[in-house]
file work.txt (compact mmCIF, C-alpha atoms)
# COMPACT_ATOMS: atom_id res chain seq x y z
CA MET A 49 89.39 119.30 75.12
CA LYS A 50 92.54 118.41 73.21
CA ILE A 51 94.44 118.02 76.44
CA ALA A 52 91.76 115.71 77.81
CA LEU A 53 91.96 113.56 74.68
CA ILE A 54 95.76 113.43 74.89
CA LEU A 55 95.59 112.41 78.54
CA LEU A 56 92.99 109.77 77.75
CA ALA A 57 95.13 108.39 74.92
CA ALA A 58 98.12 108.27 77.25
CA ALA A 59 96.12 106.49 79.91
CA LEU A 60 94.64 103.85 77.60
CA PRO A 61 97.66 101.50 77.57
CA ALA A 62 97.82 101.64 81.34
CA LEU A 63 94.10 100.95 81.63
CA SER A 64 94.34 98.02 79.25
CA GLN A 65 96.96 96.44 81.54
CA GLN A 66 94.61 95.53 84.30
CA THR A 67 96.04 94.08 87.42
CA PHE A 68 95.52 90.45 88.22
CA ASP A 69 94.23 89.12 91.50
CA PHE A 70 96.62 86.29 92.29
CA LYS A 71 94.37 85.20 95.11
CA SER A 72 92.02 83.91 92.43
CA LEU A 73 94.57 81.12 91.87
CA ASP A 74 94.17 79.86 95.42
CA LYS A 75 91.24 77.68 94.36
CA LEU A 76 93.71 75.59 92.37
CA GLY A 77 95.05 74.32 95.67
CA ALA A 78 91.73 73.25 97.15
CA ARG A 79 92.82 69.59 97.12
CA ALA A 80 96.56 70.15 97.46
CA LYS A 81 98.60 68.37 100.08
CA GLU A 82 101.11 71.22 100.16
CA THR A 83 100.33 74.83 99.43
CA THR A 84 102.51 77.90 99.18
CA ASN A 85 100.79 81.25 98.77
CA ILE A 86 103.02 84.29 98.76
CA SER A 87 101.98 87.78 97.74
CA LEU A 88 104.32 90.62 98.55
CA GLU A 89 103.76 94.14 97.31
CA GLY A 90 104.16 97.74 98.39
CA ASP A 91 105.04 98.37 102.00
CA THR A 92 105.17 94.68 102.92
CA LEU A 93 107.73 94.05 100.20
CA LYS A 94 109.75 97.08 101.30
CA MET A 95 109.69 95.78 104.86
CA ALA A 96 110.85 92.38 103.67
CA THR A 97 113.72 93.76 101.61
CA SER A 98 114.82 96.06 104.40
CA PHE A 99 115.23 93.03 106.67
CA LEU A 100 117.39 91.09 104.25
CA GLY A 101 121.06 91.15 105.02
CA GLY A 102 123.90 90.75 102.52
CA ASP A 103 124.87 93.84 100.51
CA GLN A 104 125.13 92.42 96.99
CA ASP A 105 121.87 90.59 97.35
CA SER A 106 119.89 93.46 98.72
CA SER A 107 120.70 95.40 95.52
CA PHE A 108 118.79 92.71 93.67
CA VAL A 109 115.68 92.93 95.81
CA LYS A 110 115.55 96.67 96.31
CA ASN A 111 113.85 97.30 92.93
CA LEU A 112 111.21 94.65 93.33
CA LYS A 113 107.65 95.87 92.90
CA ALA A 114 105.66 92.69 93.37
CA VAL A 115 106.33 89.05 94.12
CA HIS A 116 103.56 86.50 93.79
CA VAL A 117 104.06 82.76 94.16
CA ARG A 118 101.42 80.07 94.14
CA SER A 119 102.67 76.53 94.38
CA PHE A 120 100.49 73.48 94.95
CA GLU A 121 101.54 69.89 95.31
CA PHE A 122 98.99 67.09 94.99
CA ASP A 123 98.91 63.47 96.08
CA LYS A 124 97.76 62.16 92.73
CA GLU A 125 96.97 63.29 89.21
CA GLY A 126 93.79 65.10 88.20
CA GLN A 127 93.30 67.02 91.41
CA TYR A 128 93.29 70.44 89.80
CA ASP A 129 91.63 71.94 86.78
CA ALA A 130 94.20 73.17 84.26
CA LYS A 131 91.58 75.60 82.94
CA ASP A 132 92.00 77.62 86.14
CA LEU A 133 95.40 78.70 84.83
CA ALA A 134 93.87 80.36 81.76
CA PRO A 135 93.22 83.77 83.43
CA VAL A 136 96.80 84.15 84.66
CA ARG A 137 98.14 83.13 81.24
CA ALA A 138 95.84 85.71 79.63
CA TYR A 139 97.04 88.36 82.06
CA ILE A 140 100.72 87.69 81.37
CA LYS A 141 99.96 87.70 77.65
CA SER A 142 98.33 91.13 78.03
CA LEU A 143 101.60 92.45 79.45
CA ASN A 144 103.35 91.57 76.18
CA TRP A 145 106.22 89.90 77.97
CA ALA A 146 108.36 87.66 75.80
CA LYS A 147 107.71 83.95 76.15
CA ILE A 148 111.25 82.64 76.38
CA VAL A 149 110.49 79.05 77.31
CA ASP A 150 107.57 76.87 76.33
CA VAL A 151 108.08 73.24 77.24
CA LYS A 152 105.24 70.84 76.64
CA GLU A 153 105.29 67.18 77.50
CA GLN A 154 102.55 64.60 77.92
CA SER A 155 100.83 65.96 80.98
CA GLU A 156 103.17 68.82 81.72
CA SER A 157 103.80 72.30 80.49
CA THR A 158 106.12 75.05 81.56
CA GLU A 159 106.10 78.57 80.26
CA ILE A 160 108.55 81.27 81.20
CA TYR A 161 107.85 84.88 80.30
CA LEU A 162 110.36 87.65 80.54
CA GLN A 163 110.29 91.41 80.38
CA ALA A 164 113.88 92.54 80.14
CA PRO A 165 114.66 95.79 81.98
CA GLN A 166 115.27 98.64 79.56
CA ASN A 167 115.47 102.46 79.61
CA ASN A 168 115.32 102.55 83.40
CA LYS A 169 112.09 100.58 83.28
CA PRO A 170 112.30 97.54 85.54
CA GLY A 171 111.55 94.17 84.05
CA GLY A 172 109.76 91.10 85.21
CA LEU A 173 109.65 87.35 85.17
CA ALA A 174 106.71 84.98 85.16
CA VAL A 175 106.62 81.20 85.32
CA VAL A 176 103.55 79.05 84.80
CA SER A 177 104.30 75.41 85.39
CA ALA A 178 101.60 72.76 85.30
CA GLU A 179 102.67 69.22 86.03
CA ALA A 180 100.63 66.15 86.83
CA THR A 181 100.87 66.58 90.57
CA GLU A 182 102.29 70.08 90.91
CA VAL A 183 101.27 73.54 89.80
CA THR A 184 103.45 76.61 90.22
CA VAL A 185 102.78 80.19 89.21
CA ILE A 186 105.47 82.79 89.80
CA PHE A 187 105.17 86.46 88.99
CA ILE A 188 107.95 88.89 89.84
CA SER A 189 107.98 92.49 88.68
CA GLY A 190 110.59 95.12 89.33
CA ILE A 191 113.74 93.32 88.28
CA GLY A 192 116.24 96.12 88.01
CA SER A 193 118.88 94.78 85.66
CA LEU A 194 119.89 91.83 83.54
CA SER A 195 122.50 90.87 86.09
CA ASP A 196 119.67 90.63 88.61
CA LEU A 197 117.95 88.24 86.25
CA ALA A 198 121.10 86.17 86.00
CA LYS A 199 120.95 85.72 89.74
CA LEU A 200 117.53 84.18 89.33
CA GLN A 201 118.40 82.10 86.28
CA GLY A 202 120.37 79.56 88.18
CA ASN A 203 123.90 80.50 87.23
CA LEU A 204 124.46 82.22 90.50
CA GLY A 205 121.57 80.63 92.28
CA VAL A 206 119.22 82.45 94.53
CA PRO A 207 121.14 84.89 96.65
CA SER A 208 122.16 83.41 99.93
CA PHE A 209 120.54 85.88 102.22
CA THR A 210 121.89 86.60 105.63
CA LEU A 211 118.90 86.80 107.88
CA ASP A 212 119.38 89.41 110.52
CA HIS A 213 117.00 88.54 113.29
CA GLY A 214 116.45 84.97 114.25
CA GLY A 215 114.82 83.76 111.03
CA LYS A 216 115.64 80.70 109.02
CA LYS A 217 117.97 80.79 106.04
CA ALA A 218 116.46 81.09 102.60
CA GLU A 219 117.90 77.73 101.64
CA ASP A 220 116.04 76.05 104.44
CA SER A 221 112.70 77.56 103.66
CA LYS A 222 111.57 75.17 100.95
CA LYS A 223 111.42 71.49 101.37
CA ASP A 224 112.30 69.59 98.22
CA MET G 171 92.87 148.25 175.33
CA SER G 172 96.31 147.76 174.03
CA PHE G 173 97.24 146.04 170.82
CA GLU G 174 98.58 143.09 172.78
CA ASP G 175 95.23 142.57 174.51
CA ASP G 176 93.45 142.66 171.15
CA LEU G 177 95.82 140.08 169.75
CA ARG G 178 95.51 137.85 172.80
CA ALA G 179 91.71 138.03 172.56
CA ALA G 180 91.81 137.16 168.87
CA LEU G 181 94.10 134.19 169.41
CA ARG G 182 92.47 132.80 172.48
CA ARG G 183 91.86 129.06 172.43
CA GLU G 184 88.31 128.07 171.66
CA PRO G 185 86.86 124.59 171.78
CA ALA G 186 86.04 123.01 168.43
CA PRO G 187 82.39 122.69 167.45
CA GLU G 188 80.81 119.46 168.62
CA ASN G 189 80.61 117.77 165.25
CA PHE G 190 83.93 119.11 163.96
CA ALA G 191 85.78 115.76 163.91
CA ALA G 192 82.79 113.94 162.43
CA GLU G 193 82.45 116.58 159.74
CA ILE G 194 86.14 116.29 158.81
CA LEU G 195 85.83 112.52 158.51
CA ARG G 196 82.64 112.82 156.50
CA ARG G 197 84.24 115.20 154.02
CA SER G 198 87.38 113.16 153.67
CA HIS G 199 85.34 110.01 152.94
CA LYS G 200 83.34 111.94 150.42
CA GLN G 201 86.40 113.22 148.52
CA THR G 202 88.50 110.05 148.33
CA PRO G 203 86.28 107.99 146.00
CA ARG G 204 85.83 110.98 143.74
CA ARG G 205 89.59 111.39 143.44
CA ARG G 206 89.98 107.68 142.86
CA LEU G 207 87.31 107.71 140.23
CA PHE G 208 89.26 110.33 138.36
CA LEU G 209 92.75 108.96 138.93
CA LEU G 210 92.20 105.31 138.17
CA PRO G 211 91.04 105.73 134.56
CA LEU G 212 93.73 108.35 134.02
CA ALA G 213 96.38 105.94 135.27
CA ALA G 214 94.95 103.19 133.09
CA VAL G 215 94.97 105.45 130.04
CA LEU G 216 98.54 106.53 130.69
CA ALA G 217 99.69 102.96 131.22
CA THR G 218 97.97 101.84 128.02
CA ALA G 219 99.40 104.79 126.10
CA ALA G 220 102.86 103.88 127.31
CA LEU G 221 102.43 100.33 126.02
CA ILE G 222 101.22 101.27 122.53
CA PRO G 223 104.53 102.34 120.88
CA PRO G 224 106.47 99.21 121.93
CA ALA G 225 103.51 97.03 120.91
CA LEU G 226 103.35 98.65 117.47
CA GLN G 227 107.10 98.34 117.10
CA TYR G 228 106.93 94.65 117.98
CA ARG G 229 104.08 94.07 115.54
CA ASP G 230 105.96 95.81 112.68
CA HIS G 231 109.13 93.90 113.47
CA HIS G 232 107.23 90.61 113.48
CA ARG G 233 105.53 91.45 110.18
CA ALA G 234 108.83 92.42 108.59
CA ILE G 235 110.46 89.15 109.61
CA GLU G 236 107.49 87.21 108.28
CA ALA G 237 107.61 89.14 104.99
CA ARG G 238 111.37 88.61 104.70
CA ASP G 239 110.98 84.86 105.17
CA GLN G 240 108.23 84.81 102.55
CA LEU G 241 110.40 86.72 100.09
CA ALA G 242 113.30 84.36 100.66
CA MET G 243 110.98 81.41 100.11
CA ALA G 244 109.50 82.97 96.95
CA LEU G 245 112.96 83.47 95.47
CA THR G 246 114.00 79.97 96.41
CA ILE G 247 110.93 78.50 94.71
CA THR G 248 111.63 80.65 91.64
CA GLN G 249 115.21 79.47 91.42
CA SER G 250 114.13 75.90 91.94
CA GLU G 251 111.49 76.18 89.21
CA LEU G 252 113.93 77.74 86.75
CA GLU G 253 116.46 75.04 87.48
CA HIS G 254 113.81 72.35 87.04
CA THR G 255 112.83 73.83 83.68
CA ARG G 256 116.45 74.00 82.59
CA GLN G 257 116.86 70.32 83.39
CA LYS G 258 113.72 69.50 81.42
CA ILE G 259 115.04 71.38 78.41
CA ARG G 260 118.40 69.62 78.66
CA ALA G 261 116.68 66.25 78.91
CA ASN G 262 114.55 67.05 75.85
CA VAL G 263 117.60 68.15 73.86
CA ARG G 264 119.48 64.98 74.85
CA HIS G 265 116.46 62.86 73.95
CA ARG G 266 116.31 64.40 70.47
CA GLN G 267 120.02 63.89 69.92

call {"tool": "encode", "arguments": {"input": "work.txt", "output": "structure tokens"}}
result
Amino acid sequence: MKIALILLAAALPALSQQTFDFKSLDKLGARAKETTNISLEGDTLKMATSFLGGDQDSSFVKNLKAVHVRSFEFDKEGQYDAKDLAPVRAYIKSLNWAKIVDVKEQSESTEIYLQAPQNNKPGGLAVVSAEATEVTVIFISGIGSLSDLAKLQGNLGVPSFTLDHGGKKAEDSKKD
Amino acid sequence: MSFEDDLRAALRREPAPENFAAEILRRSHKQTPRRRLFLLPLAAVLATAALIPPALQYRDHHRAIEARDQLAMALTITQSELEHTRQKIRANVRHRQ
């Protein structure tokens, strides 16, 4: 009985951190002119990382556990409901990640959350950006080290991946 | 009678029965479709089985390339978003100064 209680107590924090269905954000883009939906986890993510060339960069991606990106661009203002972002904000809050950036302007807001890697536990990064004509939600878990984070934070830029087999370069993959 | 006579008698030429040729033809016609019926599906199964591993390999390869491109795009968007936020913060700081 004691053992069962101990196990239950140990499992409670994990149970409280429910997973989030990022597909639920897809409705945000119902009226978007440009949509980017990316969800990579498990075997698919492993496959993706195994196909990335470039030694130093592959060390960055090898620890990744999940990568979710939802990005919607609209023709004009008021084409999405900002309330639809509440569930993802609540989820990130439940993870107790540190909110390192919170920029609020007239019709725009950007929040960046960070879980720094510590004690061999990989960290994560989340971005929720709501602008008048653009919404972006990014959730990356499994960032292995702070130097990996630095690669994402702009100082070194996104790794310039060497694509092995006839794909396009990472730099070409997003139109600005 | 000698042994040679016995042997000669045993091996003497005899005419074939009247319907011998017709019977041979009848049996051969009867067996061919049966063999075909058995061999054709077997050949089809073997051919299909031979195609499965390369098809699966191609599918996995295609999926991996697609996933890799998606990951590269996700990281590019992330970097772009972080850079955009950094510029916003800089602009805000400058504005306050």

call {"tool": "closest_residue", "arguments": {"input": "work.txt", "among": "A:Val136, A:Leu73, A:Ala80, A:Val185", "to": "chain G", "atoms": "all atoms listed in the file"}}
result
A:Val185

call {"tool": "closest_residue", "arguments": {"input": "work.txt", "among": "A:Thr184, A:Gln154, A:Ser72, A:Thr92", "to": "A:Glu121", "atoms": "all atoms listed in the file"}}
result
A:Thr184

call {"tool": "closest_residue", "arguments": {"input": "work.txt", "among": "A:Phe187, A:Glu156, A:Gly90, A:Val109", "to": "A:Tyr139", "atoms": "all atoms listed in the file"}}
result
A:Phe187

call {"tool": "interface_residues", "arguments": {"input": "work.txt", "of": "chain G", "to": "chain A", "cutoff": "12 Å", "atoms": "only C-alpha atoms", "output": "ChimeraX atom specification"}}
result
/G:230-263

call {"tool": "atom_distance", "arguments": {"input": "work.txt", "atom1": "atom CA of A:Lys169", "atom2": "atom CA of A:Ser142"}}
result
17.5 Å

call {"tool": "atom_distance", "arguments": {"input": "work.txt", "atom1": "atom CA of A:Gly190", "atom2": "atom CA of A:Lys75"}}
result
26.5 Å

call {"tool": "atom_distance", "arguments": {"input": "work.txt", "atom1": "atom CA of A:Asp74", "atom2": "atom CA of A:Ser189"}}
result
19.9 Å

call {"tool": "residues_near_point", "arguments": {"input": "work.txt", "point": "(111.3, 92.5, 78.2)", "cutoff": "9 Å", "atoms": "all atoms listed in the file", "output": "PyMOL selection string"}}
result
chain A and resi 144-146+161-166+170-173

call {"tool": "build_atoms", "arguments": {"input": "work.txt", "residues": "stretch 234-256 of chain G", "atoms": "N, CA, C and O atoms", "output": "JSON list (two decimals), keeping the file's coordinate frame"}}
result
[["chain", "number", "residue", "atom", "x", "y", "z"],
["G", 234, "ALA", "N", 107.68, 92.30, 109.49],
["G", 234, "ALA", "CA", 108.83, 92.42, 108.59],
["G", 234, "ALA", "C", 109.59, 91.10, 108.49],
["G", 234, "ALA", "O", 109.99, 90.69, 107.40],
["G", 235, "ILE", "N", 109.75, 90.44, 109.61],
["G", 235, "ILE", "CA", 110.46, 89.15, 109.61],
["G", 235, "ILE", "C", 109.65, 88.12, 108.81],
["G", 235, "ILE", "O", 110.21, 87.37, 108.00],
["G", 236, "GLU", "N", 108.35, 88.13, 109.01],
["G", 236, "GLU", "CA", 107.49, 87.21, 108.28],
["G", 236, "GLU", "C", 107.58, 87.47, 106.77],
["G", 236, "GLU", "O", 107.72, 86.55, 105.97],
["G", 237, "ALA", "N", 107.54, 88.76, 106.40],
["G", 237, "ALA", "CA", 107.61, 89.14, 104.99],
["G", 237, "ALA", "C", 108.96, 88.75, 104.40],
["G", 237, "ALA", "O", 109.05, 88.27, 103.27],
["G", 238, "ARG", "N", 110.02, 88.96, 105.17],
["G", 238, "ARG", "CA", 111.37, 88.61, 104.70],
["G", 238, "ARG", "C", 111.49, 87.10, 104.45],
["G", 238, "ARG", "O", 112.02, 86.68, 103.43],
["G", 239, "ASP", "N", 110.94, 86.31, 105.35],
["G", 239, "ASP", "CA", 110.98, 84.86, 105.17],
["G", 239, "ASP", "C", 110.18, 84.43, 103.94],
["G", 239, "ASP", "O", 110.58, 83.54, 103.21],
["G", 240, "GLN", "N", 109.06, 85.13, 103.73],
["G", 240, "GLN", "CA", 108.23, 84.81, 102.55],
["G", 240, "GLN", "C", 108.97, 85.16, 101.27],
["G", 240, "GLN", "O", 108.92, 84.41, 100.29],
["G", 241, "LEU", "N", 109.65, 86.31, 101.28],
["G", 241, "LEU", "CA", 110.40, 86.72, 100.09],
["G", 241, "LEU", "C", 111.52, 85.73, 99.81],
["G", 241, "LEU", "O", 111.73, 85.32, 98.66],
["G", 242, "ALA", "N", 112.22, 85.33, 100.83],
["G", 242, "ALA", "CA", 113.30, 84.36, 100.66],
["G", 242, "ALA", "C", 112.75, 83.05, 100.10],
["G", 242, "ALA", "O", 113.34, 82.45, 99.19],
["G", 243, "MET", "N", 111.58, 82.65, 100.60],
["G", 243, "MET", "CA", 110.98, 81.41, 100.11],
["G", 243, "MET", "C", 110.54, 81.57, 98.65],
["G", 243, "MET", "O", 110.75, 80.67, 97.82],
["G", 244, "ALA", "N", 109.95, 82.72, 98.32],
["G", 244, "ALA", "CA", 109.50, 82.97, 96.95],
["G", 244, "ALA", "C", 110.68, 82.89, 95.97],
["G", 244, "ALA", "O", 110.58, 82.28, 94.91],
["G", 245, "LEU", "N", 111.79, 83.48, 96.35],
["G", 245, "LEU", "CA", 112.96, 83.47, 95.47],
["G", 245, "LEU", "C", 113.57, 82.07, 95.37],
["G", 245, "LEU", "O", 114.06, 81.67, 94.31],
["G", 246, "THR", "N", 113.49, 81.34, 96.44],
["G", 246, "THR", "CA", 114.00, 79.97, 96.41],
["G", 246, "THR", "C", 113.15, 79.10, 95.48],
["G", 246, "THR", "O", 113.68, 78.33, 94.68],
["G", 247, "ILE", "N", 111.83, 79.26, 95.58],
["G", 247, "ILE", "CA", 110.93, 78.50, 94.71],
["G", 247, "ILE", "C", 111.18, 78.88, 93.25],
["G", 247, "ILE", "O", 111.22, 78.03, 92.37],
["G", 248, "THR", "N", 111.38, 80.18, 93.01],
["G", 248, "THR", "CA", 111.63, 80.65, 91.64],
["G", 248, "THR", "C", 112.90, 80.00, 91.09],
["G", 248, "THR", "O", 112.90, 79.48, 89.97],
["G", 249, "GLN", "N", 113.95, 80.05, 91.87],
["G", 249, "GLN", "CA", 115.21, 79.47, 91.42],
["G", 249, "GLN", "C", 115.04, 77.98, 91.16],
["G", 249, "GLN", "O", 115.50, 77.45, 90.15],
["G", 250, "SER", "N", 114.33, 77.33, 92.06],
["G", 250, "SER", "CA", 114.13, 75.90, 91.94],
["G", 250, "SER", "C", 113.33, 75.58, 90.66],
["G", 250, "SER", "O", 113.65, 74.64, 89.94],
["G", 251, "GLU", "N", 112.33, 76.40, 90.40],
["G", 251, "GLU", "CA", 111.49, 76.18, 89.21],
["G", 251, "GLU", "C", 112.29, 76.42, 87.93],
["G", 251, "GLU", "O", 112.17, 75.67, 86.96],
["G", 252, "LEU", "N", 113.11, 77.45, 87.93],
["G", 252, "LEU", "CA", 113.93, 77.74, 86.75],
["G", 252, "LEU", "C", 114.94, 76.61, 86.51],
["G", 252, "LEU", "O", 115.17, 76.20, 85.37],
["G", 253, "GLU", "N", 115.49, 76.13, 87.59],
["G", 253, "GLU", "CA", 116.46, 75.04, 87.48],
["G", 253, "GLU", "C", 115.77, 73.77, 86.96],
["G", 253, "GLU", "O", 116.31, 73.08, 86.09],
["G", 254, "HIS", "N", 114.59, 73.51, 87.46],
["G", 254, "HIS", "CA", 113.81, 72.35, 87.04],
["G", 254, "HIS", "C", 113.51, 72.43, 85.54],
["G", 254, "HIS", "O", 113.63, 71.45, 84.81],
["G", 255, "THR", "N", 113.14, 73.63, 85.10],
["G", 255, "THR", "CA", 112.83, 73.83, 83.68],
["G", 255, "THR", "C", 114.08, 73.63, 82.83],
["G", 255, "THR", "O", 114.03, 73.02, 81.76],
["G", 256, "ARG", "N", 115.19, 74.14, 83.33],
["G", 256, "ARG", "CA", 116.45, 74.00, 82.59],
["G", 256, "ARG", "C", 116.80, 72.51, 82.42],
["G", 256, "ARG", "O", 117.22, 72.08, 81.35]]
